[in-house]
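This is entry-v5.cif (mmCIF, C-alpha atoms).
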```
data_model
#
loop_
_atom_site.label_atom_id
_atom_site.label_comp_id
_atom_site.auth_asym_id
_atom_site.auth_seq_id
_atom_site.Cartn_x
_atom_site.Cartn_y
_atom_site.Cartn_z
CA GLN A 640 11.09 -17.64 -19.47
CA THR A 641 13.46 -20.08 -17.85
CA GLY A 642 13.59 -19.76 -14.09
CA LYS A 643 10.20 -18.09 -13.73
CA ARG A 644 7.45 -19.94 -11.88
CA ASN A 645 3.79 -19.63 -12.77
CA LEU A 646 2.22 -18.35 -9.54
CA SER A 647 -1.22 -19.38 -10.75
CA ALA A 648 -0.18 -23.03 -10.70
CA PRO A 649 -0.58 -25.03 -7.48
CA ALA A 650 2.47 -24.79 -5.26
CA SER A 651 3.88 -27.79 -3.45
CA MET A 652 3.51 -28.02 0.30
CA PRO A 653 7.29 -28.06 0.92
CA LEU A 654 7.64 -24.92 -1.21
CA LEU A 655 4.92 -23.13 0.77
CA GLN A 656 6.45 -24.23 4.06
CA GLY A 657 9.79 -22.92 2.84
CA LEU A 658 8.16 -19.59 1.98
CA ARG A 659 6.68 -19.33 5.43
CA ASP A 660 9.95 -20.24 7.14
CA ALA A 661 11.92 -17.77 5.02
CA LEU A 662 9.59 -14.88 5.84
CA ARG A 663 9.19 -15.59 9.52
CA LEU A 664 11.53 -13.65 11.79
CA PRO A 665 13.85 -15.78 13.92
CA ASN A 666 12.09 -16.27 17.25
CA PRO A 667 13.66 -18.33 20.03
CA ARG A 668 10.15 -19.04 21.40
CA VAL A 669 9.00 -20.53 18.10
CA ASP A 670 11.40 -23.15 16.81
CA SER A 671 9.14 -25.58 14.92
CA SER A 672 5.63 -26.09 13.58
CA ARG A 673 4.85 -28.36 16.51
CA ARG A 674 6.14 -25.77 18.96
CA ARG A 675 4.04 -23.07 17.28
CA SER A 676 0.97 -25.25 17.64
CA LEU A 677 1.60 -25.77 21.33
CA LEU A 678 2.11 -22.04 21.82
CA ALA A 679 -1.18 -21.33 20.05
CA ALA A 680 -2.98 -23.75 22.35
CA ASP A 681 -1.33 -22.16 25.41
CA HIS A 682 -2.27 -18.70 24.17
CA LEU A 683 -5.91 -19.67 23.73
CA ALA A 684 -6.04 -21.35 27.12
CA SER A 685 -4.81 -18.21 28.89
CA PRO A 686 -7.35 -15.56 29.92
CA PRO A 687 -7.54 -12.35 27.87
CA PRO A 688 -5.24 -9.53 29.07
CA ASN A 689 -6.23 -7.14 31.84
CA GLY A 690 -9.28 -9.10 32.89
CA GLY A 691 -11.01 -8.37 29.59
CA SER A 692 -13.07 -10.47 27.24
CA THR A 693 -12.82 -11.74 23.66
CA ALA A 694 -14.66 -10.75 20.49
CA LEU A 695 -14.72 -12.28 17.01
CA ILE A 696 -14.22 -9.85 14.12
CA VAL A 697 -15.40 -11.06 10.70
CA VAL A 698 -13.79 -8.99 7.96
CA ASP A 699 -15.54 -8.29 4.63
CA ALA A 700 -17.45 -11.56 4.25
CA GLN A 701 -19.26 -10.05 1.27
CA ARG A 702 -20.26 -11.76 -1.94
CA CYS A 703 -18.33 -9.25 -4.06
CA TRP A 704 -15.06 -10.59 -2.61
CA TYR A 705 -15.84 -14.32 -2.76
CA SER A 706 -18.88 -15.94 -4.36
CA ASN A 707 -19.52 -13.12 -6.87
CA ALA A 708 -15.90 -12.07 -7.45
CA ALA A 709 -15.28 -11.79 -11.17
CA ASN A 710 -11.92 -13.57 -11.13
CA GLY A 711 -12.98 -16.28 -8.66
CA ARG A 712 -9.45 -16.61 -7.31
CA ALA A 713 -10.35 -16.74 -3.62
CA ARG A 714 -13.09 -19.30 -4.28
CA THR A 715 -10.66 -21.46 -6.21
CA ALA A 716 -7.80 -21.22 -3.73
CA PHE A 717 -9.94 -21.53 -0.56
CA PRO A 718 -13.11 -23.51 -1.36
CA ALA A 719 -13.59 -24.60 2.27
CA LEU A 720 -13.88 -21.05 3.62
CA PRO A 721 -17.70 -21.11 3.87
CA GLN A 722 -17.81 -24.27 5.99
CA ARG A 723 -14.95 -23.21 8.21
CA LEU A 724 -16.07 -19.65 8.85
CA LYS A 725 -19.65 -20.77 9.46
CA ALA A 726 -18.43 -23.27 12.06
CA LEU A 727 -16.30 -20.60 13.73
CA LEU A 728 -19.27 -18.24 13.93
CA GLU A 729 -21.49 -20.94 15.39
CA GLY A 730 -18.88 -21.79 18.00
CA ALA A 731 -18.44 -18.17 19.06
CA ARG A 732 -22.19 -17.63 19.31
CA GLN A 733 -22.70 -20.78 21.36
CA GLU A 734 -20.17 -19.49 23.88
CA GLY A 735 -21.64 -16.00 24.05
CA ILE A 736 -18.63 -14.36 22.41
CA PRO A 737 -19.69 -11.11 20.70
CA VAL A 738 -19.35 -11.03 16.93
CA VAL A 739 -18.56 -7.83 15.02
CA HIS A 740 -19.00 -7.81 11.24
CA LEU A 741 -16.91 -5.39 9.20
CA ARG A 742 -18.14 -4.47 5.73
CA ALA A 743 -16.25 -2.73 2.95
CA SER A 744 -18.05 0.39 1.74
CA TYR A 745 -15.53 1.74 -0.73
CA GLU A 746 -17.27 3.37 -3.68
CA SER A 747 -16.60 6.90 -2.38
CA SER A 748 -13.19 6.08 -0.87
CA PRO A 749 -10.18 7.89 -2.35
CA HIS A 750 -8.02 4.77 -2.49
CA VAL A 751 -10.34 2.89 -4.89
CA SER A 752 -9.30 4.76 -8.04
CA THR A 753 -5.66 3.98 -7.33
CA MET A 754 -6.44 0.34 -6.59
CA ARG A 755 -8.34 -0.01 -9.86
CA ARG A 756 -5.56 1.67 -11.82
CA LEU A 757 -2.89 -0.58 -10.31
CA ASN A 758 -5.05 -3.72 -10.42
CA PRO A 759 -7.33 -3.54 -13.46
CA SER A 760 -8.34 -7.19 -13.07
CA LEU A 761 -9.59 -6.64 -9.51
CA ASN A 762 -12.63 -4.85 -8.12
CA ILE A 763 -14.50 -5.19 -11.41
CA ASN A 764 -17.82 -5.84 -9.73
CA PRO A 765 -19.57 -3.22 -7.61
CA ILE A 766 -18.53 -3.28 -3.94
CA VAL A 767 -21.87 -3.87 -2.21
CA PRO A 768 -21.67 -3.37 1.58
CA ASP A 769 -25.07 -4.90 2.40
CA ASP A 770 -24.64 -8.13 0.46
CA PRO A 771 -22.98 -10.54 2.93
CA GLU A 772 -22.29 -14.16 2.22
CA PRO A 773 -25.24 -16.23 3.52
CA TRP A 774 -22.85 -18.35 5.61
CA ALA A 775 -21.50 -15.26 7.39
CA ARG A 776 -24.62 -13.12 7.72
CA GLU A 777 -25.06 -11.24 10.99
CA LEU A 778 -27.71 -12.33 13.48
CA GLU A 779 -30.08 -9.90 15.13
CA GLY A 780 -28.21 -7.85 17.73
CA GLU A 781 -24.74 -8.36 16.22
CA ASP A 782 -22.78 -5.25 15.28
CA VAL A 783 -22.20 -4.37 11.64
CA ILE A 784 -19.59 -1.67 11.07
CA TYR A 785 -18.84 -0.11 7.68
CA LYS A 786 -15.28 0.80 6.83
CA SER A 787 -13.86 2.96 4.07
CA THR A 788 -10.41 1.40 3.75
CA PHE A 789 -8.41 -1.72 4.65
CA ASP A 790 -8.16 -0.97 8.38
CA GLY A 791 -11.44 -1.66 10.17
CA PHE A 792 -10.41 0.73 12.95
CA PHE A 793 -9.77 3.77 10.72
CA ALA A 794 -12.56 6.37 11.08
CA THR A 795 -15.04 3.79 12.38
CA PRO A 796 -16.66 3.09 15.78
CA LEU A 797 -14.93 -0.31 16.05
CA GLU A 798 -12.47 0.71 18.77
CA SER A 799 -15.11 2.39 20.92
CA ARG A 800 -17.48 -0.56 20.52
CA LEU A 801 -14.81 -3.02 21.65
CA GLU A 802 -14.07 -0.81 24.63
CA GLU A 803 -17.77 -0.78 25.54
CA LEU A 804 -17.73 -4.59 25.45
CA GLY A 805 -14.58 -4.75 27.60
CA VAL A 806 -12.70 -6.58 24.85
CA THR A 807 -8.93 -6.98 25.13
CA ARG A 808 -8.50 -9.99 22.81
CA VAL A 809 -9.81 -10.32 19.26
CA LEU A 810 -10.12 -13.28 16.94
CA ILE A 811 -9.92 -12.10 13.33
CA CYS A 812 -11.04 -13.93 10.20
CA GLY A 813 -12.45 -13.21 6.75
CA LEU A 814 -11.37 -11.65 3.45
CA VAL A 815 -8.82 -10.78 2.11
CA THR A 816 -5.83 -12.03 4.15
CA SER A 817 -3.18 -9.74 2.65
CA ALA A 818 -5.44 -6.68 2.51
CA CYS A 819 -8.32 -5.96 4.91
CA VAL A 820 -7.69 -8.86 7.28
CA LEU A 821 -4.08 -7.77 7.70
CA GLY A 822 -5.00 -4.08 7.89
CA THR A 823 -7.53 -4.74 10.64
CA ALA A 824 -5.22 -7.13 12.51
CA LEU A 825 -2.49 -4.48 12.52
CA GLY A 826 -5.02 -1.84 13.58
CA ALA A 827 -5.93 -4.01 16.57
CA PHE A 828 -2.24 -4.59 17.33
CA TYR A 829 -1.52 -0.84 17.22
CA ARG A 830 -4.25 -0.31 19.82
CA GLY A 831 -2.78 -2.80 22.25
CA LEU A 832 -5.26 -5.62 21.71
CA ASP A 833 -4.21 -9.26 21.88
CA VAL A 834 -4.72 -10.43 18.29
CA LEU A 835 -5.36 -14.01 17.21
CA LEU A 836 -5.65 -14.59 13.46
CA VAL A 837 -7.75 -17.66 12.64
CA GLU A 838 -5.72 -18.38 9.56
CA ASP A 839 -7.76 -21.25 8.15
CA CYS A 840 -10.88 -19.06 8.30
CA CYS A 841 -9.28 -16.48 6.01
CA ALA A 842 -8.84 -16.42 2.26
CA ASP A 843 -6.84 -14.54 -0.34
CA ARG A 844 -6.58 -14.43 -4.12
CA SER A 845 -3.79 -17.00 -4.03
CA ILE A 846 -2.36 -19.44 -1.54
CA GLU A 847 1.04 -17.77 -1.88
CA ARG A 848 -0.28 -14.34 -0.88
CA HIS A 849 -2.09 -15.81 2.13
CA GLU A 850 0.98 -17.75 3.23
CA ALA A 851 3.30 -14.78 2.77
CA THR A 852 1.09 -12.60 4.96
CA VAL A 853 0.79 -15.14 7.75
CA GLY A 854 4.47 -15.98 7.50
CA MET A 855 5.59 -12.36 7.85
CA TYR A 856 3.36 -11.28 10.73
CA SER A 857 2.52 -14.36 12.80
CA ASP A 858 4.50 -14.45 16.07
CA TYR A 859 5.42 -10.82 15.34
CA CYS A 860 2.23 -8.74 15.51
CA PHE A 861 -0.31 -11.50 16.10
CA GLN A 862 -0.59 -15.18 16.95
CA SER A 863 -1.99 -17.39 14.21
CA ILE A 864 -4.32 -20.19 15.28
CA LEU A 865 -6.56 -22.74 13.61
CA ALA A 866 -10.31 -23.08 13.87
CA ARG A 867 -9.90 -26.42 15.61
CA ASP A 868 -7.77 -24.80 18.32
CA PHE A 869 -10.80 -22.70 19.20
CA LEU A 870 -13.65 -25.09 18.41
CA GLY A 871 -12.23 -28.26 19.93
CA ALA A 872 -12.23 -31.90 18.88
CA SER A 873 -15.90 -31.91 17.89
CA HIS A 874 -14.97 -30.02 14.71
CA GLU A 875 -12.08 -32.19 13.53
CA ASP A 876 -14.20 -33.19 10.51
CA LEU A 877 -14.07 -29.72 8.95
CA PRO A 878 -12.79 -29.82 5.36
CA PRO A 879 -9.08 -29.01 5.04
CA ALA A 880 -8.23 -25.37 4.46
CA ALA A 881 -7.31 -25.22 0.81
CA GLY A 882 -3.60 -24.85 0.61
CA ALA A 883 -2.83 -23.02 3.86
CA CYS A 884 0.34 -24.97 4.48
CA GLY A 885 0.55 -23.83 8.05
CA SER A 886 -2.96 -25.07 8.61
CA ALA A 887 -2.23 -28.38 6.96
CA SER A 888 1.11 -28.93 8.64
CA LYS A 889 0.40 -27.81 12.18
CA GLN A 890 -0.09 -30.81 14.41
CA VAL A 891 -1.71 -30.17 17.77
CA PRO A 892 -1.13 -33.30 19.88
CA GLU A 893 -4.01 -32.55 22.21
CA VAL A 894 -6.90 -30.37 21.10
CA LEU A 895 -8.19 -28.20 23.91
CA THR A 896 -11.71 -26.86 24.10
CA VAL A 897 -10.91 -23.31 25.07
CA SER A 898 -13.80 -21.19 23.88
CA ARG A 899 -15.20 -20.98 27.41
CA ALA A 900 -11.91 -19.55 28.62
CA LEU A 901 -12.02 -16.98 25.85
CA SER A 902 -15.48 -15.79 26.73
CA CYS A 903 -15.18 -15.60 30.51
CA GLY A 904 -11.44 -15.30 31.17
CA ALA A 905 -11.15 -18.64 32.96
CA SER A 906 -8.07 -20.83 32.77
CA VAL A 907 -8.18 -24.23 31.09
CA ALA A 908 -6.68 -27.04 33.10
#
```

Transcribe the structure of this file into structure tokens.
Amino acid sequence: QTGKRNLSAPASMPLLQGLRDALRLPNPRVDSSRRRSLLAADHLASPPPNGGSTALIVVDAQRCWYSNAANGRARTAFPALPQRLKALLEGARQEGIPVVHLRASYESSPHVSTMRRLNPSLNINPIVPDDPEPWARELEGEDVIYKSTFDGFFATPLESRLEELGVTRVLICGLVTSACVLGTALGAFYRGLDVLLVEDCCADRSIERHEATVGMYSDYCFQSILARDFLGASHEDLPPAAGACGSASKQVPEVLTVSRALSCGASVA
């Protein structure tokens, strides 16, 4: 019909930027994309709150949501996710930052029947908790925590494990941006953690859904950052995040290598 846009078609970058700007709450501290980028760099360079440390939370990097997903939407919209998330994991491990892997284990969860009724084209394949993507597989000694709903903190040992590690800041990445990534980011926010969403290491079933989520909650409940903000200039050759207009449009004039500050609480000059 006239006036309706096909959301499955690629959206233009100006349109996506307009979506983000329209959803973002007015914030006197954040007045432009360049300013947001500088704030993200400043945030990363500051030590974690209360003398704590940082952990990386990888949400639902399972083949049922990406490489084996029946509809293939996340693969199509975000083909660079494997390279980007793998690089982020390698960077965190090199700096001694603990990595926690969340896995969806939903088959007995009460919400699944409702999800399948409302979204008959989704969740067609079995949800297999112990079938991670090879590029996001846990290493020996890394925590794997199984969750029964979108929020990785709900009825799981995630909060107590982070407390044991002395974590007060979390980097969050994975699948799916508007569902379990958001649910876990909000769960961390509710518990008083400093939350950094690595937005170009996340993916959703469409660029629009990803952008809407980041646009609504960044600079409100969490700070969105890019992988390069964390990894430094040595990873500038990562493939562009497919369609994340914030990722593509953010220009960081000077890339800071800040992962050491994240792991030990030191300031970056």

Legend entry - Point-to-point distance in Å for CA of Ala880 (chain A) and CA of Arg702 (chain A):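 Separating CA of Arg702 (chain A) from CA of Ala880 (chain A) is a distance of 19.3 Å.
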
Legend entry - Residues near Phe789 (chain A), cut-off 10 Å, all atoms listed in the file, skip fewer than 5 positions along chain, as a list in words: Val698, Asp699, Ala743, Tyr745, His750, Val815, Ser817, Ala818, Cys819, Val820, Leu821, Gly822, Thr823 and Gly826 of chain A

Legend entry - Residue with smallest distance to Pro796 (chain A) - pool A:Leu741, A:Leu778, A:Val751, A:Leu877, counting only C-alpha atoms: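 Nearest candidate to Pro796 (chain A) out of A:Leu741, A:Leu778, A:Val751, A:Leu877: A:Leu741.
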
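Residues matched by the PyMOL selection byres ((chain A and resi 687) around 8) in this file: A:Ser685, A:Pro686, A:Pro688, A:Asn689, A:Gly690, A:Gly691, A:Ser692, A:Thr693, A:Thr807, A:Arg808, A:Asp833, A:Leu901, A:Gly904.
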
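Residues within 12 Å of Pro771 (chain A), counting all atoms listed in the file and excluding same-chain residues fewer than 4 positions away, are Val697, Val698, Asp699, Ala700, Gln701, Arg702, Cys703, Trp704, Tyr705, Ser706, Asn707, Pro721, His740, Leu741, Arg742, Ala743, Ile766, Val767, Ala775, Arg776, Glu777, Leu778, Val783, Gly813 and Leu814 of chain A.
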
Mind listing whatever residues come within 6 Å of the point (-19.6, -10.4, 14.4)? Use all atoms listed in the file, file coordinates, and give them as a PDB file with C-alpha atoms, in the coordinates of the input.
```pdb
ATOM      1  CA  LEU A 695     -14.720 -12.280  17.010  1.00  0.00           C
ATOM      2  CA  ILE A 696     -14.220  -9.850  14.120  1.00  0.00           C
ATOM      3  CA  VAL A 697     -15.400 -11.060  10.700  1.00  0.00           C
ATOM      4  CA  VAL A 738     -19.350 -11.030  16.930  1.00  0.00           C
ATOM      5  CA  VAL A 739     -18.560  -7.830  15.020  1.00  0.00           C
ATOM      6  CA  HIS A 740     -19.000  -7.810  11.240  1.00  0.00           C
ATOM      7  CA  GLU A 781     -24.740  -8.360  16.220  1.00  0.00           C
TER       8      GLU A 781
END
```

Inset, instruction - Could you jot down the CA of Ser744 (chain A) to CA of Ile784 (chain A) separation for me, Å, one decimal place? - result: 9.7 Å

Legend entry - Nearest to Lys786 (chain A), chosen from A:Ser760, A:Glu746, A:Ser799, A:Glu850, with all atoms listed in the file counted in the distances: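 Checking each candidate against Lys786 (chain A), we get A:Glu746 as the closest.
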
Using only C-alpha atoms, determine which residues lie at most 7 Å from region 856-866 of chain A, disregarding the query and same-chain residues fewer than 6 positions distant; provide the list as a JSON list (two decimals) with C-alpha atoms, in the coordinates of the input.
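What follows is the written file selection-v7.json:
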```json
[["chain", "number", "residue", "atom", "x", "y", "z"],
["A", 679, "ALA", "CA", -1.18, -21.33, 20.05],
["A", 727, "LEU", "CA", -16.30, -20.60, 13.73],
["A", 828, "PHE", "CA", -2.24, -4.59, 17.33],
["A", 834, "VAL", "CA", -4.72, -10.43, 18.29],
["A", 835, "LEU", "CA", -5.36, -14.01, 17.21],
["A", 836, "LEU", "CA", -5.65, -14.59, 13.46],
["A", 837, "VAL", "CA", -7.75, -17.66, 12.64],
["A", 838, "GLU", "CA", -5.72, -18.38, 9.56],
["A", 839, "ASP", "CA", -7.76, -21.25, 8.15],
["A", 840, "CYS", "CA", -10.88, -19.06, 8.30],
["A", 886, "SER", "CA", -2.96, -25.07, 8.61]]
```

Using all atoms listed in the file, what table do you get, as a tab-separated table, when you list each residue of region 777-875 of chain A with an atom no more than 9 Å from region 708-712 of chain A, its nearest pair of atoms, and their distance in Å rounded to one decimal, rows by chain then rising number?
```
residue	atom	partner	partner_atom	distance
A:Asp843	CA	A:Arg712	CA	7.7
A:Arg844	CA	A:Arg712	CA	4.8
A:Ser845	CA	A:Arg712	CA	6.6
```

Inset, instruction - Measure the distance from CA of Ala726 (chain A) to CA of Cys841 (chain A) in Å and round it to one decimal. - result: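 Atom-to-atom, CA of Ala726 (chain A) and CA of Cys841 (chain A) are spaced 12.9 Å apart.
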
Inset, instruction - Would you please work out which residue, of A:Met754, A:Met855, A:Leu720, A:Val809, is nearest to Pro737 (chain A) when using all atoms listed in the file? - result: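 Result for the nearest residue to Pro737 (chain A): A:Val809.
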
First collect every listed atom of region 789-802 of chain A; then fit an axis-aligned box around them, widen it by 5 Å on each side, and give centre and edge lengths in Å to one decimal, as JSON.
```
{"center_x": -12.8, "center_y": 1.7, "center_z": 14.6, "size_x": 19.3, "size_y": 19.4, "size_z": 30.0}
```

Legend entry - Residue among A:Thr852, A:Ser748, A:Gln722, A:Thr715 lying closest to Glu772 (chain A), counting only C-alpha atoms: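 Nearest to Glu772 (chain A): A:Gln722.
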
Legend entry - For Ala694 (chain A), the nearest of the candidates A:Asp790, A:Asp769, A:Asp681, A:Glu802, counting all atoms listed in the file: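 Of the candidates, the smallest distance to Ala694 (chain A) is held by A:Glu802.
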
Legend entry - Nearest-residue call for Asp876 (chain A), choices A:Arg830, A:Arg848, A:Arg723, A:Arg714, using only C-alpha atoms: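 Among the listed residues, A:Arg723 lies closest to Asp876 (chain A).
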